[in-house]
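The next block is coords35.csv, given as CSV, C-alpha atoms and all ligand atoms.
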```
chain,number,residue,atom,x,y,z
A,10,MET,CA,-22.7,41.6,12.6
A,11,ARG,CA,-19.2,40.9,11.4
A,12,ARG,CA,-18.1,37.2,11.2
A,13,ASN,CA,-15.1,36.2,13.2
A,14,PRO,CA,-12.5,35.1,10.6
A,15,ILE,CA,-10.7,32.8,13.1
A,16,ILE,CA,-13.8,30.8,13.9
A,17,LEU,CA,-14.7,30.5,10.3
A,18,THR,CA,-11.2,29.2,9.4
A,19,SER,CA,-11.2,26.6,12.0
A,20,LEU,CA,-14.7,25.4,11.0
A,21,LEU,CA,-13.4,25.0,7.4
A,22,ALA,CA,-10.3,23.1,8.6
A,23,PHE,CA,-12.4,20.8,10.7
A,24,SER,CA,-14.9,20.0,7.9
A,25,GLY,CA,-11.9,19.4,5.5
A,26,ALA,CA,-10.4,16.9,7.9
A,27,PHE,CA,-13.7,15.2,8.3
A,28,ALA,CA,-14.2,14.9,4.6
A,29,VAL,CA,-10.7,13.3,4.1
A,30,ALA,CA,-11.3,10.8,7.0
A,31,CYS,CA,-14.6,9.7,5.4
A,32,SER,CA,-13.6,9.7,1.8
A,33,GLY,CA,-11.8,6.4,1.6
A,34,GLY,CA,-14.8,4.2,1.7
A,35,SER,CA,-12.6,1.3,2.7
A,36,ALA,CA,-11.0,3.0,5.7
A,37,ALA,CA,-10.9,0.5,8.5
A,38,GLY,CA,-10.9,1.2,12.2
A,39,GLY,CA,-7.9,3.1,13.5
A,40,GLY,CA,-7.7,5.2,10.3
A,41,ALA,CA,-5.9,2.6,8.2
A,42,THR,CA,-7.0,2.2,4.6
A,43,GLU,CA,-7.7,-1.4,3.8
A,44,VAL,CA,-6.2,-2.6,0.5
A,45,LYS,CA,-6.8,-6.2,-0.7
A,46,VAL,CA,-4.1,-7.5,-2.9
A,47,LYS,CA,-4.1,-10.9,-4.7
A,48,LEU,CA,-0.8,-12.4,-5.6
A,49,SER,CA,-0.4,-15.0,-8.3
A,50,GLU,CA,1.8,-15.9,-11.3
A,51,PHE,CA,3.1,-13.3,-11.9
A,52,LYS,CA,1.1,-10.3,-10.9
A,53,TYR,CA,-0.4,-8.2,-8.1
A,54,GLU,CA,-4.1,-7.6,-8.5
A,55,GLY,CA,-5.9,-4.8,-6.5
A,56,MET,CA,-2.7,-3.0,-5.7
A,57,PRO,CA,-3.3,0.8,-6.1
A,58,ALA,CA,-0.8,2.6,-8.3
A,59,GLN,CA,-0.9,5.7,-6.2
A,60,LEU,CA,-0.3,5.7,-2.4
A,61,LYS,CA,-0.2,8.5,0.0
A,62,ALA,CA,2.8,9.2,2.2
A,63,GLY,CA,1.9,9.3,5.9
A,64,GLN,CA,-1.3,7.3,5.4
A,65,ALA,CA,-1.6,3.9,7.2
A,66,TYR,CA,-2.5,1.1,4.9
A,67,LYS,CA,-3.7,-2.3,6.0
A,68,PHE,CA,-2.7,-4.7,3.3
A,69,VAL,CA,-4.7,-8.0,3.1
A,70,LEU,CA,-2.4,-10.1,1.0
A,71,THR,CA,-3.6,-13.3,-0.5
A,72,ASN,CA,-1.5,-15.7,-2.4
A,73,ALA,CA,-4.0,-17.1,-4.9
A,74,GLY,CA,-1.2,-18.8,-7.0
A,75,THR,CA,0.3,-22.2,-6.9
A,76,VAL,CA,3.9,-21.2,-5.8
A,77,GLU,CA,5.2,-18.9,-3.0
A,78,HIS,CA,5.4,-15.1,-3.7
A,79,GLU,CA,6.7,-12.0,-2.0
A,80,PHE,CA,5.4,-8.5,-1.5
A,81,SER,CA,8.0,-5.9,-1.2
A,82,VAL,CA,7.9,-2.2,-1.9
A,83,VAL,CA,11.3,-1.0,-3.2
A,84,LYS,CA,12.9,1.7,-5.3
A,85,ARG,CA,12.0,1.0,-9.0
A,86,GLY,CA,14.5,-1.4,-10.6
A,87,ASN,CA,15.8,-2.9,-7.3
A,88,LYS,CA,16.6,-6.5,-7.9
A,89,ASP,CA,16.2,-7.5,-4.2
A,90,HIS,CA,14.5,-6.2,-1.2
A,91,GLY,CA,17.4,-4.4,0.3
A,92,GLY,CA,16.2,-1.0,1.6
A,93,ALA,CA,12.6,-2.1,1.2
A,94,LEU,CA,9.9,0.3,2.6
A,95,ALA,CA,7.8,-2.8,3.3
A,96,ALA,CA,8.4,-6.5,2.8
A,97,VAL,CA,6.4,-9.6,3.4
A,98,GLU,CA,8.6,-12.6,2.6
A,99,ALA,CA,7.7,-15.7,0.7
A,100,LYS,CA,7.7,-17.9,3.8
A,101,GLU,CA,4.6,-15.9,5.0
A,102,LEU,CA,3.0,-16.0,1.6
A,103,GLN,CA,2.8,-19.7,0.7
A,104,PRO,CA,0.1,-20.7,-1.8
A,105,GLY,CA,-3.4,-20.3,-0.4
A,106,LYS,CA,-2.1,-18.2,2.5
A,107,SER,CA,-3.4,-14.8,3.5
A,108,VAL,CA,-1.7,-12.3,5.7
A,109,THR,CA,-2.6,-8.9,7.0
A,110,LYS,CA,0.1,-6.2,7.5
A,111,GLU,CA,-0.1,-2.6,8.2
A,112,PHE,CA,2.4,-0.2,6.6
A,113,THR,CA,2.8,3.5,6.5
A,114,PHE,CA,5.1,5.0,3.9
A,115,ASN,CA,7.1,8.0,4.8
A,116,GLN,CA,9.1,8.4,1.7
A,117,LYS,CA,7.7,9.9,-1.5
A,118,GLY,CA,8.7,9.0,-5.0
A,119,ASP,CA,8.7,6.2,-7.6
A,120,PHE,CA,8.7,2.7,-6.2
A,121,GLU,CA,7.5,-0.7,-7.2
A,122,VAL,CA,5.9,-3.6,-5.5
A,123,ALA,CA,7.9,-6.6,-6.5
A,124,CYS,CA,8.5,-10.3,-5.9
A,125,HIS,CA,12.1,-11.5,-5.5
A,126,VAL,CA,11.5,-15.2,-5.5
A,127,PRO,CA,14.1,-16.4,-8.0
A,128,ALA,CA,12.9,-15.7,-11.6
A,129,HIS,CA,9.6,-14.1,-10.6
A,130,TYR,CA,10.9,-10.5,-11.0
A,131,GLU,CA,12.2,-11.4,-14.5
A,132,ALA,CA,8.9,-13.0,-15.3
A,133,GLY,CA,7.3,-9.6,-14.7
A,134,MET,CA,6.1,-9.9,-11.1
A,135,LYS,CA,6.4,-6.2,-10.4
A,136,MET,CA,4.2,-3.2,-10.6
A,137,ALA,CA,5.1,0.5,-10.6
A,138,ILE,CA,3.7,2.6,-7.8
A,139,THR,CA,4.0,6.2,-6.8
A,140,ILE,CA,4.0,7.5,-3.3
A,141,SER,CA,3.1,11.2,-3.0
B,1,CU,CU,6.4,-14.3,-7.0
```

Just give me the structure of the file as structure tokens.
Ligand SMILES: [Cu+2]
Amino acid sequence: MRRNPIILTSLLAFSGAFAVACSGGSAAGGGATEVKVKLSEFKYEGMPAQLKAGQAYKFVLTNAGTVEHEFSVVKRGNKDHGGALAAVEAKELQPGKSVTKEFTFNQKGDFEVACHVPAHYEAGMKMAITIS
């Protein structure tokens, strides 16, 4: 008996989608991928260098430092958060505070996560990321 190619194709497409949905390991309810990021002087720990466009991310941001920090995703080299794809301002990230924010990035390219509290960017509080 000849296999029906249409049924076979849709079965493959279905199992492919299933594999993607289950591959994250840290995927939270609702399909968002949970990412825990620790902010301190002057770095981001746990921030992935590669993110996927169109994927929902649930960022659990914790300021483990002793001064306020900021989490913004901007074009590489931006000196402020104008045009940011995502921004959590310093007032929400006081020392010891933790906030959870969901972001989905729809632009692809070279970006960075950066802190624009005065002098922090210059002190190296930035990390290159790629969205593809
Ligand atoms: Cu900072």

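The interatomic distance for the pair CA of Lys117 in chain A and CA of Glu77 in chain A works out to 28.9 Å.
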
Each residue of chain A with at least one atom at most 8 Å from ligand CU 1 (chain B) should appear once, together with its nearest atom pair and the corresponding distance in Å (one decimal); atoms considered: all atoms listed in the file; ordering: chain, then increasing residue number; output as a Markdown table.
```
| residue | atom | partner | partner_atom | distance |
| --- | --- | --- | --- | --- |
| A:Leu48 | CA | B:CU1 | CU | 7.6 |
| A:Ser49 | CA | B:CU1 | CU | 7.0 |
| A:Glu50 | CA | B:CU1 | CU | 6.5 |
| A:Phe51 | CA | B:CU1 | CU | 6.0 |
| A:Lys52 | CA | B:CU1 | CU | 7.7 |
| A:Val76 | CA | B:CU1 | CU | 7.4 |
| A:Glu77 | CA | B:CU1 | CU | 6.2 |
| A:His78 | CA | B:CU1 | CU | 3.5 |
| A:Glu79 | CA | B:CU1 | CU | 5.5 |
| A:Ala99 | CA | B:CU1 | CU | 7.9 |
| A:Ala123 | CA | B:CU1 | CU | 7.9 |
| A:Cys124 | CA | B:CU1 | CU | 4.6 |
| A:His125 | CA | B:CU1 | CU | 6.5 |
| A:Val126 | CA | B:CU1 | CU | 5.4 |
| A:His129 | CA | B:CU1 | CU | 4.8 |
| A:Tyr130 | CA | B:CU1 | CU | 7.1 |
| A:Met134 | CA | B:CU1 | CU | 6.0 |
```

- Task: Excluding Gln64 in chain A and any residue of its chain fewer than 3 positions from it, enumerate the residues within 10 Å of it, using only C-alpha atoms, and give them as a ChimeraX atom specification.
- Result: /A:40-42,60-61,67,112-115

- So which residues are close to (2.7, 5.3, -3.0), meaning at most 12 Å away in the file's coordinates with all atoms listed in the file counted, and can you show them as a PyMOL selection string? chain A and resi 56-66+82-85+94-95+112-122+136-141

- Best match for closeness to Lys45 in chain A among A:Val97, A:Ala132, A:Val108, A:Val69, counting all atoms listed in the file: A:Val69

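With distances taken over all atoms listed in the file, A:Lys47 is the one residue among A:Lys100, A:Lys47, A:Lys110, A:Lys135 lying closest to Ala73 in chain A.
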
- Note on the structure: Restricting to only C-alpha atoms, whichever of A:Gln103, A:Glu111, A:Pro127, A:Gly133 is closest to Tyr53 in chain A is A:Gly133

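Closest approach to Phe80 in chain A among A:Gly55, A:Glu98, A:Glu43, A:Gly92: A:Glu98, based on all atoms listed in the file.
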
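When CA of Phe68 in chain A is paired with CA of His90 in chain A, their separation reads 17.8 Å.
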
- Task: Quick one: pull the distance between CA of Thr109 in chain A and CA of Gly74 in chain A, Å, one decimal.
- Result: 17.2 Å
